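K.L.:
Can you read through this structure? Questions will come right after.
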Amino acid sequence: MLIAFDSTQQALRAEMLLEYAEIEIDICPTPKEITAGCALSIHFPEEDLDRVKEVMDQERVEIRGIFKPIEAGYEQLEL
């Protein structure tokens with residue numbers, strides 16, 4: 001799974017919060033298939049989706065969206 005952001009500040013804030021919540025993440029460049037205002041995205045395991053959404057909501061992190069990889073690129077999830 002992947003979270004895309006509109007600002008680098010929000011991406012770095014999300015990174016800190018998710019690491020604090022002990023969710024395994026990787027910072028990566030935002031894939032070209034995803035239009036976002038920030039060049040950084042965060043990969044995380046699909047089984048952590050509910051926890052990730054909970055942290056983003058509780059801490060009011062502004063995100064572009066959460067995306068699931070599919071054969072043709074990425075599909076945005078309804079939040």
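Letters for chains follow the order of the structure tokens (A, B, ...), residue numbers begin at 1 for each chain, and ligand numbers begin at 1 in the order shown.
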Please identify all polymer residues within 12 Å of A:Glu33, counting only C-alpha atoms, omitting same-chain residues fewer than 6 positions from it, and present them as a PDB file with N, CA, C and O atoms, in the first residue's frame.
P.N.:
```
ATOM      1  N   ALA A   4       0.208   8.897  -0.562  1.00  0.00           N
ATOM      2  CA  ALA A   4       0.759  10.048  -1.283  1.00  0.00           C
ATOM      3  C   ALA A   4       0.335  11.326  -0.560  1.00  0.00           C
ATOM      4  O   ALA A   4      -0.724  11.366   0.079  1.00  0.00           O
ATOM      5  N   PHE A  67      -3.229   4.422  -1.779  1.00  0.00           N
ATOM      6  CA  PHE A  67      -3.304   3.721  -3.056  1.00  0.00           C
ATOM      7  C   PHE A  67      -2.880   2.269  -2.916  1.00  0.00           C
ATOM      8  O   PHE A  67      -1.978   1.953  -2.145  1.00  0.00           O
ATOM      9  N   LYS A  68      -3.550   1.415  -3.690  1.00  0.00           N
ATOM     10  CA  LYS A  68      -3.227  -0.011  -3.720  1.00  0.00           C
ATOM     11  C   LYS A  68      -2.619  -0.317  -5.079  1.00  0.00           C
ATOM     12  O   LYS A  68      -3.169   0.082  -6.104  1.00  0.00           O
ATOM     13  N   PRO A  69      -1.474  -1.013  -5.099  1.00  0.00           N
ATOM     14  CA  PRO A  69      -0.889  -1.374  -6.399  1.00  0.00           C
ATOM     15  C   PRO A  69      -1.789  -2.370  -7.129  1.00  0.00           C
ATOM     16  O   PRO A  69      -2.327  -3.296  -6.534  1.00  0.00           O
ATOM     17  N   ILE A  70      -1.979  -2.135  -8.417  1.00  0.00           N
ATOM     18  CA  ILE A  70      -2.711  -3.065  -9.280  1.00  0.00           C
ATOM     19  C   ILE A  70      -1.853  -3.272 -10.528  1.00  0.00           C
ATOM     20  O   ILE A  70      -0.835  -2.604 -10.695  1.00  0.00           O
ATOM     21  N   ALA A  72      -2.103  -2.369 -13.587  1.00  0.00           N
ATOM     22  CA  ALA A  72      -1.926  -1.207 -14.469  1.00  0.00           C
ATOM     23  C   ALA A  72      -1.411   0.025 -13.735  1.00  0.00           C
ATOM     24  O   ALA A  72      -1.467   1.116 -14.263  1.00  0.00           O
ATOM     25  N   GLY A  73      -0.945  -0.111 -12.508  1.00  0.00           N
ATOM     26  CA  GLY A  73      -0.439   1.047 -11.763  1.00  0.00           C
ATOM     27  C   GLY A  73      -0.951   1.055 -10.340  1.00  0.00           C
ATOM     28  O   GLY A  73      -0.628   0.187  -9.551  1.00  0.00           O
ATOM     29  N   TYR A  74      -1.810   2.032 -10.031  1.00  0.00           N
ATOM     30  CA  TYR A  74      -2.328   2.180  -8.663  1.00  0.00           C
ATOM     31  C   TYR A  74      -3.805   2.531  -8.697  1.00  0.00           C
ATOM     32  O   TYR A  74      -4.267   3.231  -9.599  1.00  0.00           O
ATOM     33  N   GLU A  75      -4.526   2.073  -7.683  1.00  0.00           N
ATOM     34  CA  GLU A  75      -5.937   2.363  -7.533  1.00  0.00           C
ATOM     35  C   GLU A  75      -6.130   3.074  -6.197  1.00  0.00           C
ATOM     36  O   GLU A  75      -5.672   2.588  -5.167  1.00  0.00           O
ATOM     37  N   GLN A  76      -6.768   4.244  -6.218  1.00  0.00           N
ATOM     38  CA  GLN A  76      -6.983   4.992  -4.977  1.00  0.00           C
ATOM     39  C   GLN A  76      -8.122   4.353  -4.182  1.00  0.00           C
ATOM     40  O   GLN A  76      -9.161   4.008  -4.729  1.00  0.00           O
TER      41      GLN A  76
END
```
K.L.:
Leaving out A:Asp26 and any residue of its chain fewer than 5 positions from it, which residues lie within 12 Å of it when counting only C-alpha atoms, given as a short mmCIF file (atom, residue, chain, number, x, y, z; two decimals) with N, CA and C atoms, in the first residue's frame?
P.N.:
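New file selection_28.cif:
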```cif
data_model
loop_
_atom_site.label_atom_id
_atom_site.label_comp_id
_atom_site.auth_asym_id
_atom_site.auth_seq_id
_atom_site.Cartn_x
_atom_site.Cartn_y
_atom_site.Cartn_z
N MET A 1 0.85 -1.17 0.00
CA MET A 1 0.00 0.00 0.00
C MET A 1 0.90 1.24 0.00
N LEU A 2 0.34 2.36 -0.42
CA LEU A 2 1.14 3.58 -0.56
C LEU A 2 0.30 4.79 -0.16
N ILE A 3 0.91 5.70 0.59
CA ILE A 3 0.27 6.97 0.92
C ILE A 3 0.98 8.06 0.13
N ALA A 11 4.41 14.55 4.64
CA ALA A 11 5.05 13.24 4.43
C ALA A 11 6.01 12.93 5.56
N LEU A 12 6.83 13.90 5.93
CA LEU A 12 7.80 13.70 7.01
C LEU A 12 7.10 13.54 8.36
N ALA A 14 4.06 12.28 8.78
CA ALA A 14 3.47 10.94 8.74
C ALA A 14 4.53 9.87 9.00
N GLU A 15 5.70 10.05 8.42
CA GLU A 15 6.80 9.10 8.64
C GLU A 15 7.09 8.98 10.14
N MET A 16 7.23 10.11 10.80
CA MET A 16 7.54 10.11 12.24
C MET A 16 6.42 9.42 13.03
N LEU A 18 4.08 7.25 12.04
CA LEU A 18 3.95 5.82 11.75
C LEU A 18 5.09 5.01 12.36
N GLU A 19 6.29 5.58 12.36
CA GLU A 19 7.40 4.90 13.02
C GLU A 19 7.14 4.82 14.53
N LEU A 40 7.56 12.65 -2.28
CA LEU A 40 7.74 11.53 -1.35
C LEU A 40 6.42 10.82 -1.07
N SER A 41 6.50 9.50 -1.00
CA SER A 41 5.36 8.69 -0.60
C SER A 41 5.84 7.69 0.44
N ILE A 42 4.90 7.02 1.08
CA ILE A 42 5.23 6.03 2.10
C ILE A 42 4.57 4.71 1.73
N HIS A 43 5.39 3.66 1.64
CA HIS A 43 4.90 2.29 1.45
C HIS A 43 4.68 1.67 2.82
N PHE A 44 3.61 0.86 2.94
CA PHE A 44 3.37 0.12 4.18
C PHE A 44 2.63 -1.17 3.85
N PRO A 45 2.72 -2.18 4.73
CA PRO A 45 2.04 -3.46 4.46
C PRO A 45 0.52 -3.31 4.50
#
```
K.L.:
Enumerate as a VMD selection string all residues of chain A assigned to strand (DSSP E or B) by DSSP on the backbone, naming them with the chain letters and numbers the document uses.
P.N.:
chain A and resid 2 to 4 26 to 29 40 to 43 65 to 70 73 to 76
K.L.:
For A:Glu24, which of A:Glu59, A:Glu71, A:Asp6, A:Glu47 is the closest residue, counting only C-alpha atoms?
P.N.:
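Using only C-alpha atoms, A:Glu24 sits closest to A:Glu47.
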K.L.:
Counting only C-alpha atoms, which of A:Val61, A:Cys38, A:Ile66, A:Cys28 gets nearest to A:Arg13?
P.N.:
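The closest residue to A:Arg13 is A:Val61.
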K.L.:
Suppose you want the space between atom CA of A:Pro31 and atom CA of A:Glu62; what is it in Å?
P.N.:
18.5 Å
K.L.:
From the DSSP assignment of the backbone, select every residue of chain A that is helix (DSSP H, G or I), and format the answer as a list of chain:residue names.
P.N.:
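Of chain A, only A:Thr8, A:Gln9, A:Gln10, A:Ala11, A:Leu12, A:Arg13, A:Ala14, A:Glu15, A:Met16, A:Leu17, A:Leu18, A:Glu19, A:Tyr20, A:Glu46, A:Glu47, A:Asp48, A:Leu49, A:Asp50, A:Arg51, A:Val52, A:Lys53, A:Glu54, A:Val55, A:Met56, A:Asp57, A:Gln58 fall in helix (DSSP H, G or I).
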K.L.:
For A:Glu22, which of A:Val52, A:Ile34, A:Leu77, A:Ile63 is the closest residue, counting only C-alpha atoms?
P.N.:
A:Val52
